[in-house]
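Chemist: Okay, handing you the structure first.
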Amino acid sequence: MKAVNLETERLSLRRLSLEHLSNAYVGWLNDVEVFKYLETGGNYTIGELENYLKEQQEKDIFFWAIHLKNSDKHIGNIKIDPIDLDNNSGEYGIMMGDKSEWGKGYAKEASVEVINYCFGEIKLAQITLGVIEKNIGALKLYQNMGFEVENTIENKGVYAGELCNSIRMIKKNDK
């Protein structure tokens with residue numbers, strides 16, 4: 001199964017592909033504020049991004065680029081990957097790369113659409129995620145969307161120069 005195009009009031013979610021290769025995208029991956037709490041980031045080149053996009057395009061996964069409908073501007077990515085068929089569960093991840101679009105509710109709008117699609121159409125039983133404890137904005141967003149804390153992994157890794165805990169969260173399909 002591959003990602004199908006989705007739309008919200010303000011956003012168009014399209015399958016991530018080589019069409020999204022850009023200097024702006026490389027810039028997000030090299031921006032300390034953007035990758036502060038992500039597992040990847042820093043020292044990316046356009047060639048490395050091109051290889052990554054080719055790999056993702058070949059996979060059978062749910063990975064969308066988030067575009068503004070009014071301008072078609074690519075502002076971030078969202079995915080549900082991997083999907084654990086044994087538990088009928090998917091792992092959520094999001095990166096809002098374009099900092100000029102932060103704080104406008106786009107992360108929640110895209111997330112709600114993707115989660116509703118995965119629960120309603122794909123019939124996943126649950127969606128899980130990991131978030132760094134110090135990423136207060138993301139924690140609030142996930143709790144607001146109905147994710148609950150499952151457990152905490154202490155000393156998960158170094159983020160923004162500090163050893164941090166990771167909080168594992170879960171949202172069950174109640175439909």
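Simple scheme: letters A, B, ... for chains in structure tokens order, numbers from 1 for residues in each chain, numbers from 1 for ligands in the order shown.
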Would you kindly return, as a compact mmCIF listing (two decimals) with N, CA, C and O atoms, in the first residue's frame, each protein, DNA or RNA residue with an atom no farther than 6 Å from any atom of range 11-20 of chain A, considering only C-alpha atoms and excluding same-chain residues fewer than 3 positions away?
Modeler:
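part-v1.txt written:
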```txt
# COMPACT_ATOMS: atom_id res chain seq x y z
N ALA A 3 0.89 5.66 -0.16
CA ALA A 3 0.10 6.83 0.23
C ALA A 3 -0.75 7.33 -0.94
O ALA A 3 -0.26 7.45 -2.06
N ASN A 5 -3.25 10.54 -2.28
CA ASN A 5 -3.36 11.97 -2.03
C ASN A 5 -4.53 12.24 -1.10
O ASN A 5 -5.60 11.65 -1.25
N LEU A 6 -4.31 13.15 -0.15
CA LEU A 6 -5.34 13.54 0.81
C LEU A 6 -5.45 15.06 0.79
O LEU A 6 -4.48 15.75 0.46
N GLU A 7 -6.61 15.57 1.17
CA GLU A 7 -6.79 17.01 1.23
C GLU A 7 -7.52 17.41 2.50
O GLU A 7 -8.39 16.68 2.97
N THR A 8 -7.15 18.57 3.01
CA THR A 8 -7.86 19.18 4.13
C THR A 8 -8.32 20.55 3.66
O THR A 8 -8.15 20.90 2.49
N LEU A 53 15.09 10.37 -1.16
CA LEU A 53 13.78 10.46 -1.81
C LEU A 53 13.57 9.31 -2.78
O LEU A 53 12.46 8.76 -2.85
N GLN A 57 10.56 6.66 -2.36
CA GLN A 57 9.61 6.54 -3.47
C GLN A 57 9.41 5.09 -3.86
O GLN A 57 8.33 4.70 -4.30
N PHE A 63 3.82 7.92 3.26
CA PHE A 63 4.73 9.05 3.47
C PHE A 63 4.26 10.19 2.57
O PHE A 63 4.27 10.06 1.34
N TRP A 64 3.81 11.27 3.19
CA TRP A 64 3.25 12.38 2.44
C TRP A 64 4.09 13.65 2.61
O TRP A 64 4.62 13.92 3.67
N ALA A 65 4.12 14.45 1.55
CA ALA A 65 4.63 15.82 1.62
C ALA A 65 3.43 16.71 1.90
O ALA A 65 2.35 16.52 1.33
N ILE A 66 3.61 17.66 2.79
CA ILE A 66 2.54 18.58 3.17
C ILE A 66 2.70 19.85 2.35
O ILE A 66 3.75 20.50 2.40
N HIS A 67 1.66 20.19 1.57
CA HIS A 67 1.67 21.38 0.73
C HIS A 67 0.53 22.31 1.14
O HIS A 67 -0.56 21.84 1.48
N LEU A 68 0.79 23.60 1.06
CA LEU A 68 -0.28 24.58 1.23
C LEU A 68 -1.11 24.57 -0.05
O LEU A 68 -0.56 24.65 -1.15
N LYS A 69 -2.42 24.49 0.09
CA LYS A 69 -3.29 24.49 -1.08
C LYS A 69 -3.21 25.79 -1.87
O LYS A 69 -3.20 25.79 -3.10
```
Chemist: Where does DSSP see strand (DSSP E) in range 4-161 of chain A, if you list the residues as a compact mmCIF listing (two decimals) with N, CA and C atoms, in the first residue's frame?
Modeler:
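As written to disk, selection.txt reads:
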```
# COMPACT_ATOMS: atom_id res chain seq x y z
N LEU A 6 -4.31 13.15 -0.15
CA LEU A 6 -5.34 13.54 0.81
C LEU A 6 -5.45 15.06 0.79
N GLU A 7 -6.61 15.57 1.17
CA GLU A 7 -6.79 17.01 1.23
C GLU A 7 -7.52 17.41 2.50
N LEU A 11 -4.72 22.24 3.23
CA LEU A 11 -3.54 21.47 2.85
C LEU A 11 -3.83 20.42 1.80
N SER A 12 -2.80 20.13 1.04
CA SER A 12 -2.80 19.02 0.10
C SER A 12 -1.67 18.10 0.54
N LEU A 13 -1.97 16.84 0.78
CA LEU A 13 -0.96 15.86 1.19
C LEU A 13 -0.72 14.93 0.01
N ARG A 14 0.51 14.96 -0.50
CA ARG A 14 0.86 14.16 -1.67
C ARG A 14 2.01 13.23 -1.34
N ARG A 15 2.01 12.09 -2.00
CA ARG A 15 3.06 11.10 -1.77
C ARG A 15 4.43 11.74 -1.95
N PHE A 62 3.40 4.77 3.75
CA PHE A 62 2.54 5.96 3.85
C PHE A 62 3.41 7.14 4.25
N PHE A 63 3.82 7.92 3.26
CA PHE A 63 4.73 9.05 3.47
C PHE A 63 4.26 10.19 2.57
N TRP A 64 3.81 11.27 3.19
CA TRP A 64 3.25 12.38 2.44
C TRP A 64 4.09 13.65 2.61
N ALA A 65 4.12 14.45 1.55
CA ALA A 65 4.63 15.82 1.62
C ALA A 65 3.43 16.71 1.90
N ILE A 66 3.61 17.66 2.79
CA ILE A 66 2.54 18.58 3.17
C ILE A 66 2.70 19.85 2.35
N HIS A 67 1.66 20.19 1.57
CA HIS A 67 1.67 21.38 0.73
C HIS A 67 0.53 22.31 1.14
N LEU A 68 0.79 23.60 1.06
CA LEU A 68 -0.28 24.58 1.23
C LEU A 68 -1.11 24.57 -0.05
N HIS A 74 5.62 23.43 -0.45
CA HIS A 74 5.96 22.26 0.37
C HIS A 74 6.46 22.77 1.72
N ILE A 75 5.77 22.40 2.81
CA ILE A 75 6.14 22.94 4.13
C ILE A 75 6.60 21.88 5.13
N GLY A 76 6.46 20.61 4.79
CA GLY A 76 6.86 19.56 5.71
C GLY A 76 6.45 18.20 5.20
N ASN A 77 6.66 17.19 6.04
CA ASN A 77 6.34 15.81 5.69
C ASN A 77 5.67 15.13 6.88
N ILE A 78 4.88 14.11 6.57
CA ILE A 78 4.23 13.31 7.60
C ILE A 78 4.19 11.86 7.12
N LYS A 79 4.38 10.93 8.05
CA LYS A 79 4.37 9.53 7.64
C LYS A 79 3.79 8.64 8.73
N ILE A 80 3.35 7.49 8.29
CA ILE A 80 2.98 6.39 9.17
C ILE A 80 3.83 5.22 8.67
N ASP A 81 4.95 4.99 9.33
CA ASP A 81 5.91 3.98 8.90
C ASP A 81 6.91 3.73 10.02
N PRO A 82 7.17 2.49 10.37
CA PRO A 82 6.65 1.29 9.72
C PRO A 82 5.25 0.93 10.23
N ILE A 83 4.63 0.03 9.47
CA ILE A 83 3.36 -0.55 9.89
C ILE A 83 3.65 -1.96 10.35
N ASP A 84 3.25 -2.26 11.57
CA ASP A 84 3.42 -3.59 12.18
C ASP A 84 2.13 -4.36 11.95
N SER A 89 -0.61 -1.91 13.73
CA SER A 89 -0.19 -0.65 14.32
C SER A 89 0.76 0.09 13.39
N GLY A 90 0.68 1.41 13.39
CA GLY A 90 1.59 2.23 12.59
C GLY A 90 2.33 3.22 13.45
N GLU A 91 3.54 3.58 13.03
CA GLU A 91 4.38 4.55 13.75
C GLU A 91 4.31 5.89 13.04
N TYR A 92 3.89 6.91 13.77
CA TYR A 92 3.69 8.27 13.26
C TYR A 92 4.97 9.08 13.35
N GLY A 93 5.19 9.91 12.35
CA GLY A 93 6.28 10.87 12.38
C GLY A 93 5.93 12.10 11.57
N ILE A 94 6.39 13.25 11.99
CA ILE A 94 6.12 14.49 11.26
C ILE A 94 7.32 15.42 11.36
N MET A 95 7.56 16.16 10.29
CA MET A 95 8.57 17.21 10.30
C MET A 95 7.95 18.43 9.61
N MET A 96 7.80 19.48 10.36
CA MET A 96 7.36 20.75 9.79
C MET A 96 8.63 21.54 9.51
N GLN A 126 -4.17 0.95 15.98
CA GLN A 126 -3.53 1.96 16.81
C GLN A 126 -2.39 2.63 16.05
N ILE A 127 -2.04 3.81 16.52
CA ILE A 127 -0.89 4.54 16.00
C ILE A 127 -0.03 4.92 17.19
N THR A 128 1.26 4.71 17.05
CA THR A 128 2.21 5.00 18.12
C THR A 128 3.19 6.06 17.64
N LEU A 129 3.87 6.67 18.59
CA LEU A 129 4.91 7.64 18.26
C LEU A 129 5.88 7.76 19.42
N GLY A 130 7.03 8.30 19.11
CA GLY A 130 8.01 8.64 20.13
C GLY A 130 8.29 10.12 20.03
N VAL A 131 8.37 10.77 21.18
CA VAL A 131 8.63 12.21 21.20
C VAL A 131 9.62 12.51 22.32
N ILE A 132 10.56 13.39 22.05
CA ILE A 132 11.53 13.77 23.07
C ILE A 132 10.82 14.61 24.13
N GLU A 148 -2.02 9.08 24.21
CA GLU A 148 -1.78 8.90 25.64
C GLU A 148 -0.38 8.35 25.85
N VAL A 149 0.23 8.73 26.97
CA VAL A 149 1.57 8.26 27.30
C VAL A 149 1.51 6.76 27.60
N GLU A 150 2.38 6.02 26.93
CA GLU A 150 2.47 4.57 27.14
C GLU A 150 3.62 4.26 28.09
N ASN A 151 4.79 4.85 27.84
CA ASN A 151 5.94 4.69 28.74
C ASN A 151 7.01 5.72 28.40
N THR A 152 8.04 5.76 29.21
CA THR A 152 9.16 6.67 29.00
C THR A 152 10.44 5.86 28.88
N ILE A 153 11.22 6.18 27.86
CA ILE A 153 12.53 5.54 27.69
C ILE A 153 13.56 6.56 28.15
N GLU A 154 14.24 6.24 29.24
CA GLU A 154 15.21 7.18 29.80
C GLU A 154 16.49 7.20 28.98
N ASN A 155 17.09 8.40 28.92
CA ASN A 155 18.37 8.60 28.24
C ASN A 155 18.38 8.03 26.83
N LYS A 156 17.35 8.37 26.07
CA LYS A 156 17.17 7.85 24.71
C LYS A 156 18.26 8.32 23.76
N GLY A 157 18.70 9.55 23.93
CA GLY A 157 19.72 10.07 23.04
C GLY A 157 20.03 11.52 23.35
N VAL A 158 21.00 12.06 22.62
CA VAL A 158 21.40 13.45 22.82
C VAL A 158 20.69 14.30 21.77
N TYR A 159 19.91 15.25 22.26
CA TYR A 159 19.18 16.17 21.40
C TYR A 159 19.48 17.58 21.89
```
Chemist: So, counting only C-alpha atoms, which residue among A:Leu49, A:Leu124, A:Val4, A:Ile136 is closest to Tyr25 in chain A?
Modeler: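 Counting only C-alpha atoms, the residue closest to Tyr25 in chain A is A:Leu49.
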Chemist: Would you give me, as an mmCIF file with N, CA, C and O atoms, in the first residue's frame, the residues in chain A that DSSP reads as helix (DSSP H, G or I)?
Modeler:
```cif
data_model
loop_
_atom_site.group_PDB
_atom_site.id
_atom_site.type_symbol
_atom_site.label_atom_id
_atom_site.label_comp_id
_atom_site.auth_asym_id
_atom_site.auth_seq_id
_atom_site.Cartn_x
_atom_site.Cartn_y
_atom_site.Cartn_z
ATOM 1 N N LEU A 18 10.551 12.332 -5.655
ATOM 2 C CA LEU A 18 11.649 13.174 -6.167
ATOM 3 C C LEU A 18 11.178 14.566 -6.544
ATOM 4 O O LEU A 18 11.975 15.494 -6.592
ATOM 5 N N GLU A 19 9.893 14.727 -6.776
ATOM 6 C CA GLU A 19 9.325 16.051 -7.057
ATOM 7 C C GLU A 19 9.624 17.022 -5.908
ATOM 8 O O GLU A 19 9.651 18.229 -6.103
ATOM 9 N N HIS A 20 9.890 16.500 -4.721
ATOM 10 C CA HIS A 20 10.096 17.341 -3.546
ATOM 11 C C HIS A 20 11.558 17.691 -3.286
ATOM 12 O O HIS A 20 11.865 18.366 -2.303
ATOM 13 N N ASN A 23 16.420 22.803 -2.639
ATOM 14 C CA ASN A 23 17.372 23.396 -1.702
ATOM 15 C C ASN A 23 16.676 23.772 -0.393
ATOM 16 O O ASN A 23 17.289 23.713 0.677
ATOM 17 N N ALA A 24 15.410 24.156 -0.477
ATOM 18 C CA ALA A 24 14.663 24.494 0.741
ATOM 19 C C ALA A 24 14.566 23.268 1.653
ATOM 20 O O ALA A 24 14.776 23.370 2.867
ATOM 21 N N TYR A 25 14.272 22.095 1.085
ATOM 22 C CA TYR A 25 14.156 20.857 1.861
ATOM 23 C C TYR A 25 15.502 20.524 2.505
ATOM 24 O O TYR A 25 15.570 20.203 3.698
ATOM 25 N N VAL A 26 16.595 20.624 1.746
ATOM 26 C CA VAL A 26 17.929 20.388 2.315
ATOM 27 C C VAL A 26 18.170 21.374 3.459
ATOM 28 O O VAL A 26 18.708 21.009 4.509
ATOM 29 N N GLY A 27 17.733 22.606 3.255
ATOM 30 C CA GLY A 27 17.887 23.619 4.300
ATOM 31 C C GLY A 27 17.185 23.229 5.598
ATOM 32 O O GLY A 27 17.719 23.435 6.682
ATOM 33 N N TRP A 28 15.985 22.649 5.487
ATOM 34 C CA TRP A 28 15.270 22.198 6.697
ATOM 35 C C TRP A 28 16.108 21.162 7.440
ATOM 36 O O TRP A 28 16.227 21.208 8.663
ATOM 37 N N LEU A 29 16.661 20.200 6.678
ATOM 38 C CA LEU A 29 17.403 19.101 7.285
ATOM 39 C C LEU A 29 18.688 19.576 7.950
ATOM 40 O O LEU A 29 19.233 18.885 8.816
ATOM 41 N N VAL A 32 19.190 23.666 12.612
ATOM 42 C CA VAL A 32 19.208 23.144 13.984
ATOM 43 C C VAL A 32 17.842 23.252 14.654
ATOM 44 O O VAL A 32 17.441 22.354 15.392
ATOM 45 N N GLU A 33 17.116 24.331 14.398
ATOM 46 C CA GLU A 33 15.793 24.476 15.015
ATOM 47 C C GLU A 33 14.812 23.435 14.489
ATOM 48 O O GLU A 33 13.963 22.947 15.226
ATOM 49 N N VAL A 34 14.921 23.092 13.221
ATOM 50 C CA VAL A 34 14.012 22.111 12.621
ATOM 51 C C VAL A 34 14.332 20.708 13.115
ATOM 52 O O VAL A 34 13.437 19.953 13.498
ATOM 53 N N PHE A 35 15.608 20.321 13.116
ATOM 54 C CA PHE A 35 15.939 18.942 13.476
ATOM 55 C C PHE A 35 16.290 18.754 14.954
ATOM 56 O O PHE A 35 16.673 17.666 15.368
ATOM 57 N N ILE A 46 22.303 18.013 -1.290
ATOM 58 C CA ILE A 46 21.219 17.785 -2.245
ATOM 59 C C ILE A 46 21.290 16.357 -2.791
ATOM 60 O O ILE A 46 20.265 15.705 -3.002
ATOM 61 N N GLY A 47 22.502 15.839 -2.971
ATOM 62 C CA GLY A 47 22.682 14.461 -3.459
ATOM 63 C C GLY A 47 22.171 13.431 -2.466
ATOM 64 O O GLY A 47 21.538 12.438 -2.853
ATOM 65 N N GLU A 48 22.456 13.652 -1.194
ATOM 66 C CA GLU A 48 21.971 12.722 -0.160
ATOM 67 C C GLU A 48 20.450 12.752 -0.072
ATOM 68 O O GLU A 48 19.811 11.708 0.067
ATOM 69 N N LEU A 49 19.874 13.943 -0.176
ATOM 70 C CA LEU A 49 18.416 14.043 -0.153
ATOM 71 C C LEU A 49 17.824 13.353 -1.378
ATOM 72 O O LEU A 49 16.815 12.646 -1.276
ATOM 73 N N GLU A 50 18.450 13.522 -2.519
ATOM 74 C CA GLU A 50 17.961 12.861 -3.735
ATOM 75 C C GLU A 50 17.943 11.343 -3.560
ATOM 76 O O GLU A 50 16.958 10.671 -3.889
ATOM 77 N N ASN A 51 19.020 10.788 -3.011
ATOM 78 C CA ASN A 51 19.083 9.339 -2.769
ATOM 79 C C ASN A 51 18.007 8.898 -1.783
ATOM 80 O O ASN A 51 17.361 7.866 -1.979
ATOM 81 N N TYR A 52 17.806 9.670 -0.724
ATOM 82 C CA TYR A 52 16.783 9.352 0.270
ATOM 83 C C TYR A 52 15.393 9.352 -0.375
ATOM 84 O O TYR A 52 14.597 8.426 -0.162
ATOM 85 N N LEU A 53 15.094 10.374 -1.162
ATOM 86 C CA LEU A 53 13.781 10.462 -1.805
ATOM 87 C C LEU A 53 13.567 9.308 -2.777
ATOM 88 O O LEU A 53 12.458 8.756 -2.854
ATOM 89 N N LYS A 54 14.611 8.908 -3.506
ATOM 90 C CA LYS A 54 14.497 7.759 -4.409
ATOM 91 C C LYS A 54 14.160 6.500 -3.615
ATOM 92 O O LYS A 54 13.292 5.723 -4.019
ATOM 93 N N GLU A 55 14.850 6.299 -2.490
ATOM 94 C CA GLU A 55 14.589 5.128 -1.633
ATOM 95 C C GLU A 55 13.150 5.131 -1.124
ATOM 96 O O GLU A 55 12.469 4.105 -1.160
ATOM 97 N N GLN A 56 12.689 6.268 -0.633
ATOM 98 C CA GLN A 56 11.339 6.358 -0.086
ATOM 99 C C GLN A 56 10.280 6.149 -1.165
ATOM 100 O O GLN A 56 9.248 5.531 -0.920
ATOM 101 N N GLN A 57 10.555 6.661 -2.362
ATOM 102 C CA GLN A 57 9.613 6.544 -3.472
ATOM 103 C C GLN A 57 9.408 5.085 -3.864
ATOM 104 O O GLN A 57 8.326 4.703 -4.299
ATOM 105 N N GLU A 58 10.443 4.276 -3.709
ATOM 106 C CA GLU A 58 10.367 2.856 -4.087
ATOM 107 C C GLU A 58 9.639 2.012 -3.039
ATOM 108 O O GLU A 58 9.144 0.933 -3.349
ATOM 109 N N LYS A 99 9.867 26.978 8.688
ATOM 110 C CA LYS A 99 9.636 27.679 9.971
ATOM 111 C C LYS A 99 8.684 28.868 9.829
ATOM 112 O O LYS A 99 8.016 29.232 10.790
ATOM 113 N N SER A 100 8.584 29.438 8.632
ATOM 114 C CA SER A 100 7.664 30.572 8.453
ATOM 115 C C SER A 100 6.206 30.128 8.555
ATOM 116 O O SER A 100 5.312 30.960 8.705
ATOM 117 N N GLU A 101 5.967 28.823 8.524
ATOM 118 C CA GLU A 101 4.605 28.291 8.619
ATOM 119 C C GLU A 101 4.319 27.648 9.980
ATOM 120 O O GLU A 101 3.238 27.103 10.189
ATOM 121 N N TYR A 106 -0.963 23.842 11.030
ATOM 122 C CA TYR A 106 -0.832 22.914 9.914
ATOM 123 C C TYR A 106 -0.441 21.503 10.367
ATOM 124 O O TYR A 106 -0.904 20.514 9.777
ATOM 125 N N ALA A 107 0.403 21.399 11.384
ATOM 126 C CA ALA A 107 0.804 20.070 11.871
ATOM 127 C C ALA A 107 -0.416 19.297 12.362
ATOM 128 O O ALA A 107 -0.591 18.122 12.030
ATOM 129 N N LYS A 108 -1.261 19.961 13.121
ATOM 130 C CA LYS A 108 -2.459 19.281 13.624
ATOM 131 C C LYS A 108 -3.403 18.940 12.477
ATOM 132 O O LYS A 108 -3.952 17.831 12.415
ATOM 133 N N GLU A 109 -3.604 19.861 11.562
ATOM 134 C CA GLU A 109 -4.518 19.642 10.442
ATOM 135 C C GLU A 109 -4.069 18.436 9.603
ATOM 136 O O GLU A 109 -4.883 17.571 9.261
ATOM 137 N N ALA A 110 -2.789 18.368 9.289
ATOM 138 C CA ALA A 110 -2.259 17.238 8.512
ATOM 139 C C ALA A 110 -2.349 15.941 9.316
ATOM 140 O O ALA A 110 -2.746 14.896 8.783
ATOM 141 N N SER A 111 -2.014 16.021 10.597
ATOM 142 C CA SER A 111 -2.009 14.832 11.449
ATOM 143 C C SER A 111 -3.402 14.235 11.596
ATOM 144 O O SER A 111 -3.580 13.016 11.489
ATOM 145 N N VAL A 112 -4.383 15.072 11.848
ATOM 146 C CA VAL A 112 -5.757 14.593 12.012
ATOM 147 C C VAL A 112 -6.220 13.892 10.734
ATOM 148 O O VAL A 112 -6.820 12.815 10.787
ATOM 149 N N GLU A 113 -5.915 14.473 9.577
ATOM 150 C CA GLU A 113 -6.321 13.872 8.298
ATOM 151 C C GLU A 113 -5.661 12.508 8.099
ATOM 152 O O GLU A 113 -6.312 11.528 7.726
ATOM 153 N N VAL A 114 -4.357 12.429 8.354
ATOM 154 C CA VAL A 114 -3.618 11.177 8.159
ATOM 155 C C VAL A 114 -4.102 10.114 9.151
ATOM 156 O O VAL A 114 -4.322 8.956 8.779
ATOM 157 N N ILE A 115 -4.287 10.491 10.394
ATOM 158 C CA ILE A 115 -4.745 9.527 11.401
ATOM 159 C C ILE A 115 -6.155 9.031 11.072
ATOM 160 O O ILE A 115 -6.425 7.827 11.129
ATOM 161 N N ASN A 116 -7.039 9.937 10.683
ATOM 162 C CA ASN A 116 -8.395 9.522 10.302
ATOM 163 C C ASN A 116 -8.362 8.578 9.101
ATOM 164 O O ASN A 116 -9.106 7.599 9.048
ATOM 165 N N TYR A 117 -7.503 8.857 8.140
ATOM 166 C CA TYR A 117 -7.356 7.979 6.974
ATOM 167 C C TYR A 117 -6.867 6.593 7.406
ATOM 168 O O TYR A 117 -7.418 5.573 6.979
ATOM 169 N N CYS A 118 -5.858 6.560 8.254
ATOM 170 C CA CYS A 118 -5.284 5.274 8.681
ATOM 171 C C CYS A 118 -6.269 4.467 9.525
ATOM 172 O O CYS A 118 -6.314 3.241 9.414
ATOM 173 N N PHE A 119 -7.054 5.133 10.339
ATOM 174 C CA PHE A 119 -8.049 4.425 11.135
ATOM 175 C C PHE A 119 -9.263 4.045 10.287
ATOM 176 O O PHE A 119 -9.771 2.933 10.390
ATOM 177 N N GLY A 120 -9.734 4.945 9.455
ATOM 178 C CA GLY A 120 -10.957 4.708 8.698
ATOM 179 C C GLY A 120 -10.783 3.846 7.467
ATOM 180 O O GLY A 120 -11.574 2.936 7.210
ATOM 181 N N ILE A 136 8.066 20.235 24.138
ATOM 182 C CA ILE A 136 6.792 20.549 24.794
ATOM 183 C C ILE A 136 5.675 20.827 23.781
ATOM 184 O O ILE A 136 4.546 20.359 23.952
ATOM 185 N N GLY A 137 5.983 21.550 22.717
ATOM 186 C CA GLY A 137 4.967 21.857 21.709
ATOM 187 C C GLY A 137 4.404 20.595 21.085
ATOM 188 O O GLY A 137 3.187 20.457 20.911
ATOM 189 N N ALA A 138 5.278 19.656 20.721
ATOM 190 C CA ALA A 138 4.827 18.404 20.117
ATOM 191 C C ALA A 138 4.026 17.582 21.123
ATOM 192 O O ALA A 138 2.983 17.016 20.780
ATOM 193 N N LEU A 139 4.490 17.524 22.358
ATOM 194 C CA LEU A 139 3.756 16.783 23.399
ATOM 195 C C LEU A 139 2.332 17.309 23.548
ATOM 196 O O LEU A 139 1.374 16.529 23.620
ATOM 197 N N LYS A 140 2.198 18.622 23.591
ATOM 198 C CA LYS A 140 0.863 19.227 23.719
ATOM 199 C C LYS A 140 0.003 18.882 22.512
ATOM 200 O O LYS A 140 -1.178 18.565 22.649
ATOM 201 N N LEU A 141 0.580 18.966 21.314
ATOM 202 C CA LEU A 141 -0.153 18.636 20.095
ATOM 203 C C LEU A 141 -0.668 17.200 20.156
ATOM 204 O O LEU A 141 -1.844 16.937 19.913
ATOM 205 N N TYR A 142 0.211 16.258 20.496
ATOM 206 C CA TYR A 142 -0.171 14.846 20.495
ATOM 207 C C TYR A 142 -1.233 14.559 21.559
ATOM 208 O O TYR A 142 -2.175 13.819 21.305
ATOM 209 N N GLN A 143 -1.089 15.152 22.732
ATOM 210 C CA GLN A 143 -2.101 14.955 23.776
ATOM 211 C C GLN A 143 -3.435 15.547 23.335
ATOM 212 O O GLN A 143 -4.486 14.946 23.535
ATOM 213 N N ASN A 144 -3.388 16.709 22.685
ATOM 214 C CA ASN A 144 -4.597 17.355 22.177
ATOM 215 C C ASN A 144 -5.286 16.497 21.119
ATOM 216 O O ASN A 144 -6.511 16.545 20.981
#
```
Chemist: CA of Leu21 in chain A and CA of Lys59 in chain A, how far apart in Å?
Modeler: 16.9 Å
Chemist: Record the distance separating CA of Glu39 in chain A and CA of Asp86 in chain A, expressed in Å with one decimal.
Modeler: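 So the two atoms, CA of Glu39 in chain A and CA of Asp86 in chain A, lie 25.2 Å apart.
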